[in-house]
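Undergrad: Below is the file query.cif, with mmCIF, C-alpha atoms.
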```
data_my_file
loop_
_atom_site.label_atom_id
_atom_site.label_comp_id
_atom_site.auth_asym_id
_atom_site.auth_seq_id
_atom_site.Cartn_x
_atom_site.Cartn_y
_atom_site.Cartn_z
CA MET A 788 -75.74 2.59 -41.87
CA PHE A 789 -73.84 5.88 -42.03
CA VAL A 790 -74.28 9.36 -40.64
CA VAL A 791 -74.67 12.71 -42.43
CA GLU A 792 -74.81 16.01 -40.51
CA GLY A 793 -76.15 19.45 -41.37
CA ASN A 794 -79.42 20.59 -42.98
CA LYS A 795 -77.77 21.63 -46.23
CA ILE A 796 -76.41 18.16 -47.05
CA ILE A 797 -79.48 16.41 -45.61
CA ARG A 798 -81.75 18.37 -47.97
CA GLU A 799 -79.60 17.19 -50.89
CA LEU A 800 -79.84 13.63 -49.49
CA GLN A 801 -83.63 13.84 -49.51
CA ASP A 802 -83.53 14.59 -53.26
CA SER A 803 -81.13 11.68 -53.96
CA ASP A 804 -81.51 7.90 -54.31
CA TYR A 805 -80.09 7.34 -50.81
CA HIS A 806 -82.51 5.82 -48.31
CA ILE A 807 -82.70 7.87 -45.10
CA GLN A 808 -83.59 5.80 -42.03
CA GLU A 809 -84.22 8.66 -39.62
CA ILE A 810 -83.34 12.29 -39.00
CA TYR A 811 -82.60 13.83 -35.59
CA THR A 812 -82.97 17.59 -35.63
CA THR A 813 -83.10 20.71 -33.48
CA ASP A 814 -84.57 22.67 -36.38
CA PRO A 815 -88.39 22.89 -36.51
CA GLU A 816 -88.31 24.12 -40.11
CA LEU A 817 -86.74 20.88 -41.32
CA LEU A 818 -89.25 18.96 -39.17
CA GLN A 819 -92.14 20.56 -41.04
CA THR A 820 -90.82 20.22 -44.57
CA SER A 821 -89.42 16.69 -44.46
CA ASP A 822 -91.13 13.54 -45.78
CA PHE A 823 -88.90 11.24 -43.71
CA GLU A 824 -89.07 9.96 -40.16
CA VAL A 825 -87.92 12.96 -38.13
CA ILE A 826 -87.18 13.05 -34.40
CA GLY A 827 -86.96 16.37 -32.57
CA ILE A 828 -84.04 16.64 -30.10
CA ASN A 829 -82.41 19.44 -28.12
CA ASP A 830 -78.89 20.86 -28.44
CA ARG A 831 -77.54 18.76 -25.57
CA GLU A 832 -78.80 15.55 -27.17
CA LEU A 833 -77.36 16.56 -30.54
CA ARG A 834 -73.95 17.20 -28.98
CA LYS A 835 -74.04 13.66 -27.56
CA ILE A 836 -74.75 11.91 -30.87
CA SER A 837 -72.79 14.19 -33.23
CA PHE A 838 -69.38 13.20 -34.65
CA LEU A 839 -68.48 16.89 -35.15
CA GLN A 840 -66.54 19.13 -32.80
CA HIS A 841 -69.08 21.86 -33.50
CA PRO A 842 -72.39 20.02 -34.16
CA LYS A 843 -74.73 21.49 -36.75
CA ASP A 844 -78.55 21.49 -36.60
CA SER A 845 -79.40 17.94 -37.71
CA LEU A 846 -78.07 14.41 -38.08
CA ALA A 847 -79.40 11.82 -40.55
CA VAL A 848 -78.89 8.05 -40.36
CA CYS A 849 -78.80 6.52 -43.86
CA GLN A 850 -78.48 3.10 -45.42
CA ILE A 851 -75.19 2.29 -47.13
CA PRO A 852 -76.21 1.40 -50.69
CA GLU A 853 -74.96 -1.72 -52.49
CA MET A 854 -71.70 -1.02 -54.28
CA GLN A 855 -72.43 -0.68 -58.01
CA HIS A 856 -70.14 -1.87 -60.78
CA ASP A 857 -71.35 0.29 -63.63
CA LYS A 858 -69.63 0.73 -66.95
CA GLU A 859 -66.43 2.74 -67.14
CA SER A 860 -66.36 6.52 -67.52
CA ASP A 861 -64.02 8.32 -69.90
CA PHE A 862 -62.31 9.98 -66.95
CA GLN A 863 -61.81 8.18 -63.65
CA LEU A 864 -59.77 8.92 -60.55
CA ILE A 865 -57.96 5.97 -58.97
CA LEU A 866 -56.80 6.28 -55.33
CA ASP A 867 -54.05 3.97 -54.09
CA GLY A 868 -54.10 3.91 -50.30
CA ILE A 869 -55.28 7.44 -49.42
CA GLN A 870 -55.40 7.29 -45.60
CA ASP A 871 -56.62 10.66 -44.37
CA PRO A 872 -60.44 10.98 -44.32
CA GLY A 873 -60.20 14.74 -44.90
CA ASN A 874 -58.07 14.17 -48.01
CA LEU A 875 -60.54 11.63 -49.40
CA GLY A 876 -63.46 14.00 -48.79
CA THR A 877 -61.62 16.89 -50.46
CA ILE A 878 -60.77 14.68 -53.47
CA ILE A 879 -64.46 13.69 -53.86
CA ARG A 880 -65.41 17.38 -53.79
CA LEU A 881 -62.68 18.10 -56.38
CA ALA A 882 -63.95 15.27 -58.62
CA ASP A 883 -67.48 16.69 -58.39
CA TRP A 884 -66.19 20.13 -59.48
CA PHE A 885 -64.63 18.67 -62.62
CA GLY A 886 -67.66 16.46 -63.38
CA ILE A 887 -65.76 13.20 -62.71
CA GLU A 888 -68.42 10.58 -61.98
CA LYS A 889 -66.31 7.72 -60.71
CA ILE A 890 -63.51 7.18 -58.17
CA ILE A 891 -61.92 3.73 -57.88
CA CYS A 892 -60.17 3.06 -54.55
CA SER A 893 -57.74 0.36 -53.41
CA GLU A 894 -59.27 -1.73 -50.65
CA ASP A 895 -57.09 -0.05 -47.98
CA THR A 896 -58.17 3.50 -48.90
CA ALA A 897 -60.12 5.37 -46.18
CA ASP A 898 -63.80 4.36 -45.91
CA LEU A 899 -66.24 6.58 -47.82
CA TYR A 900 -68.80 6.24 -45.01
CA ASN A 901 -66.43 7.45 -42.28
CA PRO A 902 -68.25 10.57 -40.93
CA LYS A 903 -65.14 12.70 -41.55
CA VAL A 904 -65.08 11.73 -45.23
CA ILE A 905 -68.80 12.42 -45.69
CA GLN A 906 -68.50 15.85 -44.03
CA ALA A 907 -65.32 16.85 -45.90
CA SER A 908 -66.98 15.91 -49.21
CA MET A 909 -69.68 18.56 -48.49
CA GLY A 910 -72.42 16.54 -50.22
CA SER A 911 -70.31 15.72 -53.29
CA PHE A 912 -70.48 11.99 -52.35
CA LEU A 913 -74.08 12.18 -53.64
CA ARG A 914 -72.86 12.89 -57.18
CA VAL A 915 -69.57 10.97 -57.39
CA GLN A 916 -69.60 7.16 -57.32
CA VAL A 917 -66.85 5.70 -55.10
CA VAL A 918 -66.03 1.98 -55.45
CA TYR A 919 -63.39 -0.18 -53.75
CA THR A 920 -61.58 -2.91 -55.66
CA GLN A 921 -58.29 -4.62 -56.48
CA LEU A 922 -56.43 -1.88 -58.39
CA GLU A 923 -53.92 -3.73 -60.58
CA GLU A 924 -56.67 -5.97 -61.96
CA PHE A 925 -58.91 -2.95 -62.58
CA MET A 926 -56.15 -0.95 -64.28
CA LYS A 927 -55.15 -3.81 -66.56
CA ASN A 928 -58.75 -4.37 -67.71
CA SER A 929 -59.54 -0.69 -68.21
CA ALA A 930 -59.80 0.83 -71.70
CA ASN A 931 -58.49 4.16 -70.31
CA THR A 932 -54.81 5.21 -70.24
CA ASN A 933 -53.47 4.75 -66.69
CA ILE A 934 -51.55 7.92 -65.77
CA GLY A 935 -49.76 8.47 -62.45
CA THR A 936 -47.29 10.94 -60.98
CA ASP A 937 -43.60 10.13 -60.73
CA MET A 938 -40.43 12.18 -60.21
CA GLU A 939 -39.24 11.12 -63.67
CA GLY A 940 -42.52 11.64 -65.56
CA GLU A 941 -43.50 14.01 -68.37
CA ASN A 942 -44.02 17.64 -67.32
CA ILE A 943 -47.81 18.15 -66.98
CA TYR A 944 -47.54 21.60 -68.59
CA ASP A 945 -46.07 20.08 -71.80
CA PHE A 946 -47.79 16.71 -71.92
CA GLU A 947 -50.66 16.07 -74.37
CA PHE A 948 -53.18 14.16 -72.29
CA PRO A 949 -55.20 11.49 -74.13
CA ASP A 950 -59.02 11.53 -74.23
CA ARG A 951 -59.69 8.56 -71.95
CA ILE A 952 -57.81 8.74 -68.65
CA ASN A 953 -57.50 6.97 -65.32
CA LEU A 954 -55.60 9.44 -63.12
CA ILE A 955 -53.93 7.61 -60.23
CA LEU A 956 -53.14 9.41 -56.94
CA GLY A 957 -51.01 7.60 -54.32
CA ASN A 958 -50.76 7.44 -50.53
CA GLU A 959 -49.93 10.67 -48.67
CA GLY A 960 -46.54 9.50 -47.42
CA ASN A 961 -45.48 6.62 -49.64
CA GLY A 962 -47.11 7.35 -52.99
CA MET A 963 -48.31 4.49 -55.16
CA ARG A 964 -47.54 0.84 -54.42
CA ASP A 965 -44.92 -0.81 -56.67
CA ALA A 966 -47.62 -3.01 -58.27
CA THR A 967 -49.65 0.10 -59.13
CA VAL A 968 -46.61 1.84 -60.61
CA ALA A 969 -45.96 -1.28 -62.70
CA ALA A 970 -49.51 -1.08 -64.11
CA LEU A 971 -49.12 2.55 -65.29
CA ASP A 972 -49.18 3.35 -69.01
CA GLN A 973 -47.75 6.86 -68.53
CA LYS A 974 -45.86 8.80 -65.86
CA ILE A 975 -46.28 12.55 -65.33
CA THR A 976 -44.63 15.11 -63.05
CA VAL A 977 -45.99 18.28 -61.42
CA PRO A 978 -42.90 20.50 -61.65
CA ARG A 979 -41.77 22.58 -58.69
CA PHE A 980 -41.09 26.25 -59.42
CA GLY A 981 -39.26 27.44 -56.35
CA ASN A 982 -37.01 26.37 -53.49
CA LEU A 983 -35.55 23.48 -55.43
CA LYS A 984 -33.53 22.31 -52.46
CA SER A 985 -36.66 21.74 -50.36
CA THR A 986 -37.70 18.11 -50.06
CA GLU A 987 -41.34 18.95 -49.44
CA SER A 988 -44.06 17.41 -51.56
CA LEU A 989 -47.55 18.71 -52.32
CA ASN A 990 -50.65 17.61 -50.42
CA VAL A 991 -52.31 14.89 -52.54
CA SER A 992 -55.59 16.77 -53.11
CA VAL A 993 -53.65 19.92 -54.05
CA ALA A 994 -51.49 17.96 -56.53
CA GLY A 995 -54.67 16.41 -57.97
CA ALA A 996 -56.22 19.87 -58.34
CA ILE A 997 -53.24 21.19 -60.31
CA ILE A 998 -53.28 18.17 -62.67
CA LEU A 999 -57.07 18.26 -63.22
CA GLY A 1000 -56.96 22.02 -63.88
CA GLN A 1001 -54.29 21.40 -66.50
CA ILE A 1002 -56.17 18.54 -68.22
CA PHE A 1003 -59.64 20.11 -68.27
CA GLY A 1004 -58.41 23.66 -68.89
CA ASN A 1005 -56.48 22.57 -71.98
CA ARG A 1006 -59.40 20.50 -73.27
CA LYS A 1007 -61.54 23.60 -73.10
CA LYS A 1008 -59.01 25.46 -75.28
CA LYS A 1009 -59.02 22.85 -78.06
CA PRO A 1010 -61.21 23.69 -81.08
CA SER A 1011 -64.34 21.54 -80.71
CA MET B 979 -42.68 31.36 -28.36
CA PHE B 980 -44.14 28.69 -30.64
CA VAL B 981 -43.88 24.93 -30.95
CA VAL B 982 -42.63 22.75 -33.82
CA GLU B 983 -42.89 18.95 -33.71
CA GLY B 984 -41.06 16.17 -35.51
CA ASN B 985 -37.36 15.60 -36.22
CA LYS B 986 -37.68 16.30 -39.94
CA ILE B 987 -38.94 19.89 -39.48
CA ILE B 988 -36.73 20.49 -36.43
CA ARG B 989 -33.62 19.63 -38.48
CA GLU B 990 -34.71 22.21 -41.08
CA LEU B 991 -35.26 24.69 -38.22
CA GLN B 992 -31.70 24.18 -37.03
CA ASP B 993 -30.43 25.23 -40.46
CA SER B 994 -32.66 28.33 -40.54
CA ASP B 995 -32.50 31.80 -38.95
CA TYR B 996 -35.10 30.84 -36.34
CA HIS B 997 -33.87 30.84 -32.76
CA ILE B 998 -34.62 27.53 -30.99
CA GLN B 999 -35.03 27.89 -27.22
CA GLU B 1000 -35.04 24.20 -26.33
CA ILE B 1001 -35.77 20.76 -27.79
CA TYR B 1002 -37.53 17.92 -25.98
CA THR B 1003 -36.84 14.58 -27.61
CA THR B 1004 -37.20 10.82 -27.21
CA ASP B 1005 -34.65 10.28 -29.97
CA PRO B 1006 -31.03 9.82 -28.85
CA GLU B 1007 -29.76 10.35 -32.39
CA LEU B 1008 -31.08 13.91 -32.42
CA LEU B 1009 -29.63 14.41 -28.93
CA GLN B 1010 -26.16 13.61 -30.19
CA THR B 1011 -26.21 15.65 -33.38
CA SER B 1012 -27.85 18.83 -32.14
CA ASP B 1013 -26.07 22.08 -31.23
CA PHE B 1014 -29.05 23.36 -29.24
CA GLU B 1015 -30.23 22.84 -25.69
CA VAL B 1016 -31.75 19.39 -25.80
CA ILE B 1017 -33.74 17.66 -23.04
CA GLY B 1018 -34.30 13.89 -23.14
CA ILE B 1019 -37.86 12.80 -22.26
CA ASN B 1020 -39.84 9.57 -22.48
CA ASP B 1021 -42.90 8.79 -24.62
CA ARG B 1022 -45.34 9.46 -21.80
CA GLU B 1023 -43.89 12.91 -21.18
CA LEU B 1024 -43.93 13.68 -24.91
CA ARG B 1025 -47.63 12.73 -25.12
CA LYS B 1026 -48.32 15.21 -22.31
CA ILE B 1027 -46.64 18.20 -23.96
CA SER B 1028 -47.46 17.42 -27.61
CA PHE B 1029 -50.22 19.25 -29.51
CA LEU B 1030 -50.58 16.29 -31.92
CA GLN B 1031 -53.04 13.42 -31.69
CA HIS B 1032 -50.18 11.09 -32.64
CA PRO B 1033 -47.03 12.71 -31.19
CA LYS B 1034 -43.82 12.37 -33.17
CA ASP B 1035 -40.31 11.97 -31.71
CA SER B 1036 -39.42 15.54 -30.69
CA LEU B 1037 -40.84 18.96 -29.83
CA ALA B 1038 -38.96 22.25 -30.22
CA VAL B 1039 -39.81 25.55 -28.52
CA CYS B 1040 -38.80 28.51 -30.72
CA GLN B 1041 -38.85 32.27 -30.55
CA ILE B 1042 -41.39 34.08 -32.72
CA PRO B 1043 -39.27 36.41 -34.88
CA GLU B 1044 -40.05 40.09 -35.38
CA MET B 1045 -42.41 40.59 -38.31
CA GLN B 1046 -40.43 41.93 -41.22
CA HIS B 1047 -41.67 44.46 -43.73
CA ASP B 1048 -39.41 43.72 -46.68
CA LYS B 1049 -39.83 45.02 -50.18
CA GLU B 1050 -42.58 43.58 -52.38
CA SER B 1051 -42.19 40.42 -54.43
CA ASP B 1052 -43.38 40.08 -58.04
CA PHE B 1053 -45.86 37.44 -56.95
CA GLN B 1054 -47.64 37.58 -53.60
CA LEU B 1055 -50.55 35.70 -52.11
CA ILE B 1056 -53.05 37.73 -50.10
CA LEU B 1057 -55.36 35.91 -47.65
CA ASP B 1058 -58.55 37.64 -46.54
CA GLY B 1059 -59.84 35.97 -43.38
CA ILE B 1060 -58.74 32.32 -43.86
CA GLN B 1061 -59.96 30.72 -40.62
CA ASP B 1062 -58.97 27.06 -40.72
CA PRO B 1063 -55.38 26.42 -39.50
CA GLY B 1064 -55.11 23.36 -41.79
CA ASN B 1065 -56.05 25.48 -44.80
CA LEU B 1066 -53.48 28.16 -43.92
CA GLY B 1067 -50.76 25.51 -43.49
CA THR B 1068 -51.65 23.87 -46.82
CA ILE B 1069 -51.58 27.28 -48.57
CA ILE B 1070 -48.09 28.01 -47.15
CA ARG B 1071 -46.91 24.62 -48.46
CA LEU B 1072 -48.49 25.40 -51.85
CA ALA B 1073 -46.77 28.81 -51.96
CA ASP B 1074 -43.43 27.14 -51.19
CA TRP B 1075 -43.96 24.69 -54.10
CA PHE B 1076 -44.46 27.58 -56.55
CA GLY B 1077 -41.56 29.62 -55.13
CA ILE B 1078 -43.83 32.35 -53.74
CA GLU B 1079 -41.84 34.12 -51.03
CA LYS B 1080 -44.49 36.25 -49.42
CA ILE B 1081 -48.04 35.82 -48.06
CA ILE B 1082 -49.92 38.88 -46.81
CA CYS B 1083 -52.78 38.12 -44.37
CA SER B 1084 -55.65 40.20 -43.06
CA GLU B 1085 -55.39 40.67 -39.33
CA ASP B 1086 -58.21 38.15 -38.65
CA THR B 1087 -56.56 35.33 -40.65
CA ALA B 1088 -55.53 32.27 -38.59
CA ASP B 1089 -52.27 32.71 -36.62
CA LEU B 1090 -49.13 31.41 -38.34
CA TYR B 1091 -47.76 30.19 -34.99
CA ASN B 1092 -50.81 28.08 -34.14
CA PRO B 1093 -49.32 24.54 -33.82
CA LYS B 1094 -51.82 23.20 -36.39
CA VAL B 1095 -50.67 25.76 -38.97
CA ILE B 1096 -46.99 25.03 -38.37
CA GLN B 1097 -47.56 21.25 -38.68
CA ALA B 1098 -49.79 21.50 -41.79
CA SER B 1099 -47.16 23.69 -43.48
CA MET B 1100 -44.67 20.80 -43.16
CA GLY B 1101 -41.69 23.12 -42.71
CA SER B 1102 -42.65 25.43 -45.58
CA PHE B 1103 -43.13 28.28 -43.05
CA LEU B 1104 -39.32 28.38 -42.96
CA ARG B 1105 -39.16 29.49 -46.60
CA VAL B 1106 -42.33 31.57 -47.03
CA GLN B 1107 -42.65 34.92 -45.24
CA VAL B 1108 -46.11 35.43 -43.70
CA VAL B 1109 -47.09 38.96 -42.59
CA TYR B 1110 -50.33 40.35 -41.12
CA THR B 1111 -51.57 43.78 -42.09
CA GLN B 1112 -54.51 45.96 -43.11
CA LEU B 1113 -55.33 44.56 -46.59
CA GLU B 1114 -57.09 47.43 -48.41
CA GLU B 1115 -54.22 49.79 -47.55
CA PHE B 1116 -51.66 47.21 -48.66
CA MET B 1117 -53.46 46.43 -51.93
CA LYS B 1118 -53.87 50.11 -52.84
CA ASN B 1119 -50.16 50.82 -52.26
CA SER B 1120 -48.92 47.71 -54.09
CA ALA B 1121 -47.33 47.92 -57.55
CA ASN B 1122 -48.76 44.47 -58.38
CA THR B 1123 -52.13 43.83 -60.08
CA ASN B 1124 -54.65 42.73 -57.43
CA ILE B 1125 -56.49 39.67 -58.78
CA GLY B 1126 -59.27 37.84 -56.94
CA THR B 1127 -61.89 35.18 -57.72
CA ASP B 1128 -65.49 36.13 -58.42
CA MET B 1129 -68.45 34.34 -60.02
CA GLU B 1130 -68.45 36.96 -62.79
CA GLY B 1131 -64.71 37.06 -63.43
CA GLU B 1132 -62.59 36.16 -66.47
CA ASN B 1133 -62.16 32.41 -67.07
CA ILE B 1134 -58.69 31.48 -65.72
CA TYR B 1135 -58.09 29.18 -68.71
CA ASP B 1136 -58.47 32.10 -71.16
CA PHE B 1137 -57.13 35.00 -69.12
CA GLU B 1138 -53.66 36.44 -69.84
CA PHE B 1139 -52.17 36.96 -66.41
CA PRO B 1140 -49.87 40.00 -66.01
CA ASP B 1141 -46.29 39.66 -64.76
CA ARG B 1142 -46.69 41.21 -61.31
CA ILE B 1143 -49.57 39.71 -59.35
CA ASN B 1144 -51.17 39.79 -55.91
CA LEU B 1145 -53.51 36.76 -55.90
CA ILE B 1146 -56.22 37.22 -53.27
CA LEU B 1147 -57.96 34.20 -51.66
CA GLY B 1148 -61.00 34.79 -49.43
CA ASN B 1149 -62.57 33.25 -46.34
CA GLU B 1150 -63.72 29.60 -46.59
CA GLY B 1151 -67.44 30.35 -46.21
CA ASN B 1152 -67.88 34.01 -47.07
CA GLY B 1153 -65.13 34.75 -49.58
CA MET B 1154 -63.49 38.18 -49.65
CA ARG B 1155 -64.79 41.14 -47.66
CA ASP B 1156 -66.58 43.86 -49.63
CA ALA B 1157 -63.72 46.30 -49.01
CA THR B 1158 -61.24 43.76 -50.43
CA VAL B 1159 -63.41 43.15 -53.51
CA ALA B 1160 -63.57 46.93 -54.01
CA ALA B 1161 -59.75 47.07 -54.02
CA LEU B 1162 -59.39 44.43 -56.79
CA ASP B 1163 -57.96 45.40 -60.19
CA GLN B 1164 -59.16 42.20 -61.89
CA LYS B 1165 -61.71 39.43 -61.23
CA ILE B 1166 -61.17 35.83 -62.36
CA THR B 1167 -63.30 32.65 -62.22
CA VAL B 1168 -62.31 28.99 -61.86
CA PRO B 1169 -64.94 27.40 -64.14
CA ARG B 1170 -66.85 24.31 -63.02
CA PHE B 1171 -66.90 21.45 -65.53
CA GLY B 1172 -69.59 19.17 -64.19
CA ASN B 1173 -72.77 19.02 -62.14
CA LEU B 1174 -73.71 22.59 -62.91
CA LYS B 1175 -76.75 22.46 -60.64
CA SER B 1176 -74.59 21.74 -57.59
CA THR B 1177 -74.03 24.72 -55.32
CA GLU B 1178 -70.78 23.34 -53.92
CA SER B 1179 -67.64 25.43 -54.03
CA LEU B 1180 -64.00 24.34 -54.05
CA ASN B 1181 -61.85 24.18 -50.92
CA VAL B 1182 -59.79 27.41 -50.84
CA SER B 1183 -56.37 25.72 -51.02
CA VAL B 1184 -57.58 23.52 -53.90
CA ALA B 1185 -58.91 26.57 -55.79
CA GLY B 1186 -55.58 28.32 -55.15
CA ALA B 1187 -53.70 25.29 -56.50
CA ILE B 1188 -55.68 25.28 -59.76
CA ILE B 1189 -55.08 29.03 -60.29
CA LEU B 1190 -51.35 28.86 -59.48
CA GLY B 1191 -50.89 25.83 -61.76
CA GLN B 1192 -52.52 27.81 -64.56
CA ILE B 1193 -50.42 30.96 -64.02
CA PHE B 1194 -47.02 29.29 -63.56
CA GLY B 1195 -47.65 26.53 -66.13
CA ASN B 1196 -48.48 29.07 -68.83
CA ARG B 1197 -45.48 31.24 -67.93
CA LYS B 1198 -43.27 28.23 -68.46
CA LYS B 1199 -44.71 27.81 -71.97
CA LYS B 1200 -43.93 31.38 -73.04
CA PRO B 1201 -40.77 31.81 -75.11
CA SER B 1202 -38.16 33.29 -72.79
#
```
Please express what this file holds, its structure, as C-alpha cells.

TA:
Amino acid sequence: MFVVEGNKIIRELQDSDYHIQEIYTTDPELLQTSDFEVIGINDRELRKISFLQHPKDSLAVCQIPEMQHDKESDFQLILDGIQDPGNLGTIIRLADWFGIEKIICSEDTADLYNPKVIQASMGSFLRVQVVYTQLEEFMKNSANTNIGTDMEGENIYDFEFPDRINLILGNEGNGMRDATVAALDQKITVPRFGNLKSTESLNVSVAGAIILGQIFGNRKKKPS
Amino acid sequence: MFVVEGNKIIRELQDSDYHIQEIYTTDPELLQTSDFEVIGINDRELRKISFLQHPKDSLAVCQIPEMQHDKESDFQLILDGIQDPGNLGTIIRLADWFGIEKIICSEDTADLYNPKVIQASMGSFLRVQVVYTQLEEFMKNSANTNIGTDMEGENIYDFEFPDRINLILGNEGNGMRDATVAALDQKITVPRFGNLKSTESLNVSVAGAIILGQIFGNRKKKPS
C-alpha cells in the first residue's frame, strides 16, 4: 500500500487505473462526490496520520500496482542511484512535462512509493511509468542511444541528439557508477558560463531540465 | 548573524569577504588550518546546535553584511515572492552556474540568511549578490528588458532574447503579482511537450533552468 495526500491529486487518482483502498478526509465535498470508501475524520486525526508537515484535506491509501515491463519508449530517463525523494519527485514531474512516459531506476534509487516522492511528483506519477531494474543489463539490451553527462562530454548546445535516447542521470553526490559509465554510448556536458573557479555542480533535476529543454526545444525547430 | 554548516562551504567562506564570528567544529584538521576563532566541540554538542537533520562536521556563525546597491548587471534574476527556502537556494546555485551576479527579490521572498537557503545554495551565495527591494519600482527604473513567463507568452524556443535581461520568476503557487505582470516588457512561455490535459506546472527552479539554458546556449551559438 502507499499513501497520497491532498484532494487535487486524489481526484486525479480516482480517474486513473490505481486502486484506492480507502480515503480519509476532512472535506465533506469530496465525501459526497467520491465513489470510493470514504471515512470522515477531523483535523486532529488527519494531523496524526499525515506524513506532511502541513497536512492537507485528505489522505488516500492505495494499492501498489504490479511493476509492468512494457515495450521501450523512444525517449527514456534512466536514474542511477538518485537518493533524495524530493529530487526523484521533481524528476518525475519534469518527465511528465516533456511527455516522457518511462523512467528506469537502478535498484538503489529512492522508492517511488515513499510519501515524499509521491507528494513532490504532484500527481505526475500517475502519467509516468517508473520501473526498477539492473541498469547495465537494461542499457546493453536497449535499442536507444545511452547518453550520460561527463566533464569531458560533448557540449549539449552543439551536440546533435539522435532520435531514440536513454538519458542517464547519476547520484546527487557521486554521479553515475563506473559500470553505468562503461555502458554509455555517448557523453555530454552541460557547460558552465560563469565563476569557472567554483567547484559547485548543478542540482540533478536542474541539470536534467536544461538537457531536456535543449533536446526537445531543438526537435521542435527541425522542419517536420 | 547567520549560520553556515559544513567544512566545504566554511573553507570558501574563509576566502571570501564575509566576516566569520566563530567556528564550532568536531574536525581537528579545520582547527589547525583556520585563522578564525575556532571552538572544538563533540558530536553531541554539534547535533544540539545544528539546523540540519544530519549535521556535518562544523558550524560557522557569520555577520550578515550590509545590503549593497551596486550598479545593474546585464543579466539579472528577479524573484517575486518565492516562498520555499530550498527553491531559493537552488535558484542561487543555478544563477552561479550561469554566471549571473545579481538576484533582486521582492520583500516577501524567503530570507537569504535562513539556514535552509544557505545550505541549499551550496556556497553559491558567496558569489551571487541577493538584494531585497520594491520590485515594480526597480523594474521600471531598470535599463534591462523585463521578461516573465505567462501562458500566453512567446515560445522560448522561438523567441530572440535581447542582450540585457531581467528574468522574472514568480511565486510557486500563484506566479507573479498583478503589479509585477503589469511592469513586464515581454511575456514568454515554456511549452509543454506531453500530457496536454495535465494541469501540472513545472517547479520554479526547473522552469528557470530551462529558460536560462535556452538563453545562454543560444548566445553561445551566435557568431561573436

Undergrad: Compile a residue-level contact table for chain B against chain A at a cut-off of 8 Å, reporting for every qualifying residue the shortest atom pair and its distance in Å to one decimal, with only C-alpha atoms counted, rows ordered by chain and ascending number, as CSV.

TA:
```
residue,atom,partner,partner_atom,distance
B:Thr1068,CA,A:Asn990,CA,7.3
B:Arg1071,CA,A:Leu989,CA,7.1
B:Leu1072,CA,A:Leu989,CA,6.8
B:Asp1074,CA,A:Gly981,CA,6.6
B:Trp1075,CA,A:Arg979,CA,5.5
B:Phe1076,CA,A:Phe980,CA,4.6
B:Gly1077,CA,A:Gly981,CA,3.4
B:Ile1078,CA,A:Gly981,CA,7.2
B:Met1100,CA,A:Glu987,CA,7.3
B:Gly1101,CA,A:Glu987,CA,7.9
B:Ser1102,CA,A:Glu987,CA,7.7
B:Arg1105,CA,A:Asn982,CA,7.9
B:Tyr1135,CA,A:Gly1004,CA,5.5
B:Asp1136,CA,A:Lys1008,CA,7.8
B:Arg1170,CA,A:Trp884,CA,5.5
B:Phe1171,CA,A:Phe885,CA,4.6
B:Gly1172,CA,A:Gly886,CA,3.4
B:Asn1173,CA,A:Gly886,CA,5.8
B:Glu1178,CA,A:Met909,CA,7.3
B:Ser1179,CA,A:Trp884,CA,7.7
B:Leu1180,CA,A:Leu881,CA,6.8
B:Asn1181,CA,A:Thr877,CA,7.3
B:Ser1183,CA,A:Val993,CA,7.1
B:Val1184,CA,A:Val993,CA,5.3
B:Ala1185,CA,A:Ala996,CA,7.7
B:Ala1187,CA,A:Ile997,CA,5.6
B:Ile1188,CA,A:Ile997,CA,4.8
B:Leu1190,CA,A:Ile997,CA,7.9
B:Gly1191,CA,A:Ile997,CA,5.4
B:Gln1192,CA,A:Gln1001,CA,6.9
B:Phe1194,CA,A:Phe980,CA,7.8
B:Gly1195,CA,A:Tyr944,CA,5.5
B:Asn1196,CA,A:Tyr944,CA,7.5
B:Lys1198,CA,A:Tyr944,CA,7.9
B:Lys1199,CA,A:Tyr944,CA,7.6
```

Undergrad: Run the PyMOL selection byres ((chain B and resi 1080) around 10) mentally over the shown coordinates, then write out the matched residues as a list of chain:residue names, using the chain letters and numbers from the document.

TA: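 On the file shown, the PyMOL selection byres ((chain B and resi 1080) around 10) covers B:Asp1048, B:Lys1049, B:Glu1050, B:Ser1051, B:Asp1052, B:Phe1053, B:Gln1054, B:Leu1055, B:Ile1056, B:Ile1070, B:Ala1073, B:Asp1074, B:Gly1077, B:Ile1078, B:Glu1079, B:Ile1081, B:Ile1082, B:Cys1083, B:Arg1105, B:Val1106, B:Gln1107, B:Val1108, B:Val1109, B:Asn1144.
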
Undergrad: What does the distance between CA of Arg1022 (chain B) and CA of Asp1005 (chain B) come to in Å, to one decimal place?

TA: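 So the answer is 13.5 Å.
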
Undergrad: Convert the output of the PyMOL selection byres ((chain A and resi 804) around 12) on the shown file into explicit residues, formatted as a list in words.

TA: Glu799, Leu800, Gln801, Asp802, Ser803, Tyr805, His806, Ile807, Cys849, Gln850, Ile851, Pro852, Glu853, Phe912, Leu913 and Arg914 of chain A

Undergrad: Every residue with an atom at most 7 Å from (-35.7, 15.6, -21.9) (file coordinates; only C-alpha atoms) is what I'm after, so could you write them as a list in words?

TA: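 The answer, in the requested form, is Tyr1002, Thr1003, Val1016, Ile1017, Gly1018 and Ile1019 of chain B.
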
Undergrad: Next, write the just-selected residues to a file, as a PDB file, keeping the file's coordinate frame, keeping C-alpha atoms as the atom set.

TA:
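Full text of again06.pdb as output:
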```pdb
ATOM      1  CA  TYR B1002     -37.530  17.920 -25.980  1.00  0.00           C
ATOM      2  CA  THR B1003     -36.840  14.580 -27.610  1.00  0.00           C
ATOM      3  CA  VAL B1016     -31.750  19.390 -25.800  1.00  0.00           C
ATOM      4  CA  ILE B1017     -33.740  17.660 -23.040  1.00  0.00           C
ATOM      5  CA  GLY B1018     -34.300  13.890 -23.140  1.00  0.00           C
ATOM      6  CA  ILE B1019     -37.860  12.800 -22.260  1.00  0.00           C
TER       7      ILE B1019
END
```

Undergrad: Compile the contact shell of Ile1125 (chain B) as JSON, numbers by chain: residues with an atom at most 8 Å away, counting all atoms listed in the file, same-chain residues fewer than 5 positions apart removed.

TA: {"B": [1143, 1144, 1145, 1146, 1162, 1163, 1164, 1165, 1166]}

Undergrad: Taking 2 positions as the minimum chain separation for residues in the same chain, which residues sit within 6 Å of region 1057-1064 of chain B when counting only C-alpha atoms? Answer as a PyMOL selection string.

TA: chain B and resi 1066-1067+1083-1084+1086-1088+1094-1095+1098+1146-1149+1154
